[in-house]
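Presented below is the structure to which this report refers.
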Amino acid sequence: MKILGIDPGLAIVGYSVIEAENSENILITSGSIQTDKTKPDSARLFEIENDLNTIISKYQPDTAAIEKLFYFKNQKTVIPVAEARGVILSVLEKNEIPIAEFTPIEVKQIITGYGRASKEEVAKIVGLSVKYKTLPKLDDTLDSIAIALCYLRNNLTVEIK
């Protein structure tokens with residue numbers, strides 16, 4: 001089974017594809033979609049749509065796990081992130097990929113056993129949980145791996161209707 005993990009954002013969308021094979025979780029790919037801040041939001045959202053379609057076409061994931069918005073400290077970024085999530089959810093639906101959503105606290109709880117775990121603690125568990133050549137340095141990409149692992153550990157699928 002291939003799981004596409006997604007950490008949504010307008011400036012950066014972190015993504016990863018993990019293949020669960022027997023008892024191993026193999027990191028097939030990970031990276032980020034980084035949009036140009038000088039372009040209008042509509043162009044940036046279109047870029048996210050196009051790039052995500054390319055990733056889906058290339059890796060053919062069976063399901064997707066995406067971070068859910070539930071609280072945001074920075075009120076200036078909540079709407080652009082929500083817009084990016086909308087585009088991402090639409091692309092996943094168009095490609096008929098089942099979707100599971102997890103809040104940041106749920107991801108930390110499922111990955112580390114503690115909902116207020118630090119990024120460093122999450123990164124350590126991610127490093128121990130997947131087979132990889134090198135783990136990404138970018139937080140958004142690392143978060144996407146944690147989100148995909150969260151799906152595997154929870155073993156559930158919640159479809160958006």
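Residue numbers start at 1 in each chain; chains themselves are named A, B, ... in the order of the structure tokens; ligands are numbered from 1 in the order shown.
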Check your understanding: Quick one: residues within 9 Å of Ala11 in chain A, only C-alpha atoms counted, chain neighbours fewer than 6 positions away excluded, as a PyMOL selection string?
Key -> chain A and resi 33-37+44+80-81
Review point. Contacts of range 148-153 of chain A at 7 Å or less, counting only C-alpha atoms, minus same-chain residues fewer than 5 places along, as an MDAnalysis selection string?
Key: chainID A and resid 3:5 18 65 107 110:111
May I have the residues from that selection written out with N, CA and C atoms, as a PDB file, in the first residue's frame?
```pdb
ATOM      1  N   ILE A   3       0.995   5.327   0.614  1.00  0.00           N
ATOM      2  CA  ILE A   3       0.301   6.420   1.283  1.00  0.00           C
ATOM      3  C   ILE A   3       0.988   7.724   0.924  1.00  0.00           C
ATOM      4  N   LEU A   4       0.197   8.685   0.467  1.00  0.00           N
ATOM      5  CA  LEU A   4       0.675  10.028   0.179  1.00  0.00           C
ATOM      6  C   LEU A   4       0.401  10.886   1.411  1.00  0.00           C
ATOM      7  N   GLY A   5       1.456  11.346   2.064  1.00  0.00           N
ATOM      8  CA  GLY A   5       1.319  12.246   3.206  1.00  0.00           C
ATOM      9  C   GLY A   5       1.458  13.679   2.738  1.00  0.00           C
ATOM     10  N   ILE A  18       4.965   6.923   1.154  1.00  0.00           N
ATOM     11  CA  ILE A  18       5.505   5.792   1.911  1.00  0.00           C
ATOM     12  C   ILE A  18       4.821   4.530   1.424  1.00  0.00           C
ATOM     13  N   ALA A  65      -3.102  10.961   3.373  1.00  0.00           N
ATOM     14  CA  ALA A  65      -3.288  11.480   4.726  1.00  0.00           C
ATOM     15  C   ALA A  65      -2.848  12.940   4.693  1.00  0.00           C
ATOM     16  N   VAL A 107      -1.428  13.753  15.191  1.00  0.00           N
ATOM     17  CA  VAL A 107      -0.206  13.211  14.581  1.00  0.00           C
ATOM     18  C   VAL A 107       0.845  12.984  15.661  1.00  0.00           C
ATOM     19  N   ILE A 110      -0.193  10.035  17.979  1.00  0.00           N
ATOM     20  CA  ILE A 110      -0.083   8.720  17.338  1.00  0.00           C
ATOM     21  C   ILE A 110       1.377   8.352  17.080  1.00  0.00           C
ATOM     22  N   ILE A 111       2.194   9.323  16.687  1.00  0.00           N
ATOM     23  CA  ILE A 111       3.597   9.053  16.355  1.00  0.00           C
ATOM     24  C   ILE A 111       4.457   8.865  17.611  1.00  0.00           C
TER      25      ILE A 111
END
```
Exercise for review: Among the residues of chain A, find those DSSP assigns to helix (DSSP H, G or I) from the backbone and print them as a PyMOL selection string.
Suggested key: chain A and resi 41-59+75-94+104-112+119-129+139-154
Just C-alpha atoms for this one: save the residues we selected as a PDB file, in the first residue's frame.
```
ATOM      1  CA  ASP A  41      -2.620  33.467  -4.814  1.00  0.00           C
ATOM      2  CA  SER A  42      -4.628  32.096  -7.751  1.00  0.00           C
ATOM      3  CA  ALA A  43      -1.417  31.278  -9.646  1.00  0.00           C
ATOM      4  CA  ARG A  44       0.119  29.705  -6.548  1.00  0.00           C
ATOM      5  CA  LEU A  45      -2.956  27.513  -5.970  1.00  0.00           C
ATOM      6  CA  PHE A  46      -2.892  26.482  -9.632  1.00  0.00           C
ATOM      7  CA  GLU A  47       0.773  25.510  -9.262  1.00  0.00           C
ATOM      8  CA  ILE A  48      -0.073  23.345  -6.239  1.00  0.00           C
ATOM      9  CA  GLU A  49      -2.840  21.666  -8.232  1.00  0.00           C
ATOM     10  CA  ASN A  50      -0.579  20.935 -11.212  1.00  0.00           C
ATOM     11  CA  ASP A  51       2.355  19.703  -9.145  1.00  0.00           C
ATOM     12  CA  LEU A  52       0.169  17.480  -6.968  1.00  0.00           C
ATOM     13  CA  ASN A  53      -1.447  15.946 -10.058  1.00  0.00           C
ATOM     14  CA  THR A  54       2.060  15.171 -11.362  1.00  0.00           C
ATOM     15  CA  ILE A  55       3.065  13.529  -8.059  1.00  0.00           C
ATOM     16  CA  ILE A  56      -0.122  11.436  -8.007  1.00  0.00           C
ATOM     17  CA  SER A  57       0.336  10.403 -11.622  1.00  0.00           C
ATOM     18  CA  LYS A  58       3.952   9.367 -11.035  1.00  0.00           C
ATOM     19  CA  TYR A  59       3.566   7.497  -7.718  1.00  0.00           C
ATOM     20  CA  GLN A  75      -4.393  34.574  11.702  1.00  0.00           C
ATOM     21  CA  LYS A  76      -2.759  35.995   8.543  1.00  0.00           C
ATOM     22  CA  THR A  77      -1.930  32.523   7.210  1.00  0.00           C
ATOM     23  CA  VAL A  78      -5.035  30.543   8.157  1.00  0.00           C
ATOM     24  CA  ILE A  79      -7.068  31.523   5.065  1.00  0.00           C
ATOM     25  CA  PRO A  80      -4.290  30.894   2.496  1.00  0.00           C
ATOM     26  CA  VAL A  81      -3.548  27.516   4.111  1.00  0.00           C
ATOM     27  CA  ALA A  82      -7.266  26.662   4.077  1.00  0.00           C
ATOM     28  CA  GLU A  83      -7.422  27.608   0.391  1.00  0.00           C
ATOM     29  CA  ALA A  84      -4.429  25.380  -0.366  1.00  0.00           C
ATOM     30  CA  ARG A  85      -6.074  22.518   1.566  1.00  0.00           C
ATOM     31  CA  GLY A  86      -9.201  23.004  -0.533  1.00  0.00           C
ATOM     32  CA  VAL A  87      -7.230  22.677  -3.760  1.00  0.00           C
ATOM     33  CA  ILE A  88      -5.391  19.619  -2.413  1.00  0.00           C
ATOM     34  CA  LEU A  89      -8.621  17.924  -1.293  1.00  0.00           C
ATOM     35  CA  SER A  90     -10.165  18.642  -4.688  1.00  0.00           C
ATOM     36  CA  VAL A  91      -7.184  17.085  -6.522  1.00  0.00           C
ATOM     37  CA  LEU A  92      -7.345  13.997  -4.304  1.00  0.00           C
ATOM     38  CA  GLU A  93     -11.088  13.655  -4.893  1.00  0.00           C
ATOM     39  CA  LYS A  94     -10.654  14.117  -8.656  1.00  0.00           C
ATOM     40  CA  PRO A 104      -1.227  18.214  14.462  1.00  0.00           C
ATOM     41  CA  ILE A 105      -1.953  17.019  18.014  1.00  0.00           C
ATOM     42  CA  GLU A 106      -3.329  13.701  16.704  1.00  0.00           C
ATOM     43  CA  VAL A 107      -0.206  13.211  14.581  1.00  0.00           C
ATOM     44  CA  LYS A 108       2.074  13.843  17.560  1.00  0.00           C
ATOM     45  CA  GLN A 109      -0.040  11.611  19.810  1.00  0.00           C
ATOM     46  CA  ILE A 110      -0.083   8.720  17.338  1.00  0.00           C
ATOM     47  CA  ILE A 111       3.597   9.053  16.355  1.00  0.00           C
ATOM     48  CA  THR A 112       5.195   9.721  19.766  1.00  0.00           C
ATOM     49  CA  LYS A 119       9.392  18.678  16.345  1.00  0.00           C
ATOM     50  CA  GLU A 120      12.666  17.043  17.347  1.00  0.00           C
ATOM     51  CA  GLU A 121      10.845  14.179  19.103  1.00  0.00           C
ATOM     52  CA  VAL A 122       8.592  13.633  16.079  1.00  0.00           C
ATOM     53  CA  ALA A 123      11.619  13.697  13.738  1.00  0.00           C
ATOM     54  CA  LYS A 124      13.418  11.112  15.869  1.00  0.00           C
ATOM     55  CA  ILE A 125      10.473   8.678  15.739  1.00  0.00           C
ATOM     56  CA  VAL A 126      10.012   9.291  12.001  1.00  0.00           C
ATOM     57  CA  GLY A 127      13.695   8.437  11.479  1.00  0.00           C
ATOM     58  CA  LEU A 128      13.242   5.175  13.376  1.00  0.00           C
ATOM     59  CA  SER A 129       9.963   4.292  11.620  1.00  0.00           C
ATOM     60  CA  ASP A 139       9.980  20.698   8.467  1.00  0.00           C
ATOM     61  CA  ASP A 140       7.031  20.623   6.043  1.00  0.00           C
ATOM     62  CA  THR A 141       8.396  17.546   4.280  1.00  0.00           C
ATOM     63  CA  LEU A 142       9.255  15.792   7.531  1.00  0.00           C
ATOM     64  CA  ASP A 143       5.734  16.581   8.780  1.00  0.00           C
ATOM     65  CA  SER A 144       4.259  14.962   5.654  1.00  0.00           C
ATOM     66  CA  ILE A 145       6.132  11.743   6.491  1.00  0.00           C
ATOM     67  CA  ALA A 146       4.779  11.854  10.045  1.00  0.00           C
ATOM     68  CA  ILE A 147       1.253  12.350   8.674  1.00  0.00           C
ATOM     69  CA  ALA A 148       1.608   9.338   6.355  1.00  0.00           C
ATOM     70  CA  LEU A 149       2.974   7.240   9.238  1.00  0.00           C
ATOM     71  CA  CYS A 150       0.051   8.414  11.343  1.00  0.00           C
ATOM     72  CA  TYR A 151      -2.292   6.896   8.762  1.00  0.00           C
ATOM     73  CA  LEU A 152      -0.392   3.603   8.810  1.00  0.00           C
ATOM     74  CA  ARG A 153      -0.413   3.408  12.593  1.00  0.00           C
ATOM     75  CA  ASN A 154      -4.088   4.299  12.781  1.00  0.00           C
TER      76      ASN A 154
END
```
Check your understanding: Suppose you want the space between CA of Glu24 in chain A and CA of Glu96 in chain A; what is it in Å?
Key ->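 For CA of Glu24 in chain A relative to CA of Glu96 in chain A, the distance reads 25.7 Å.
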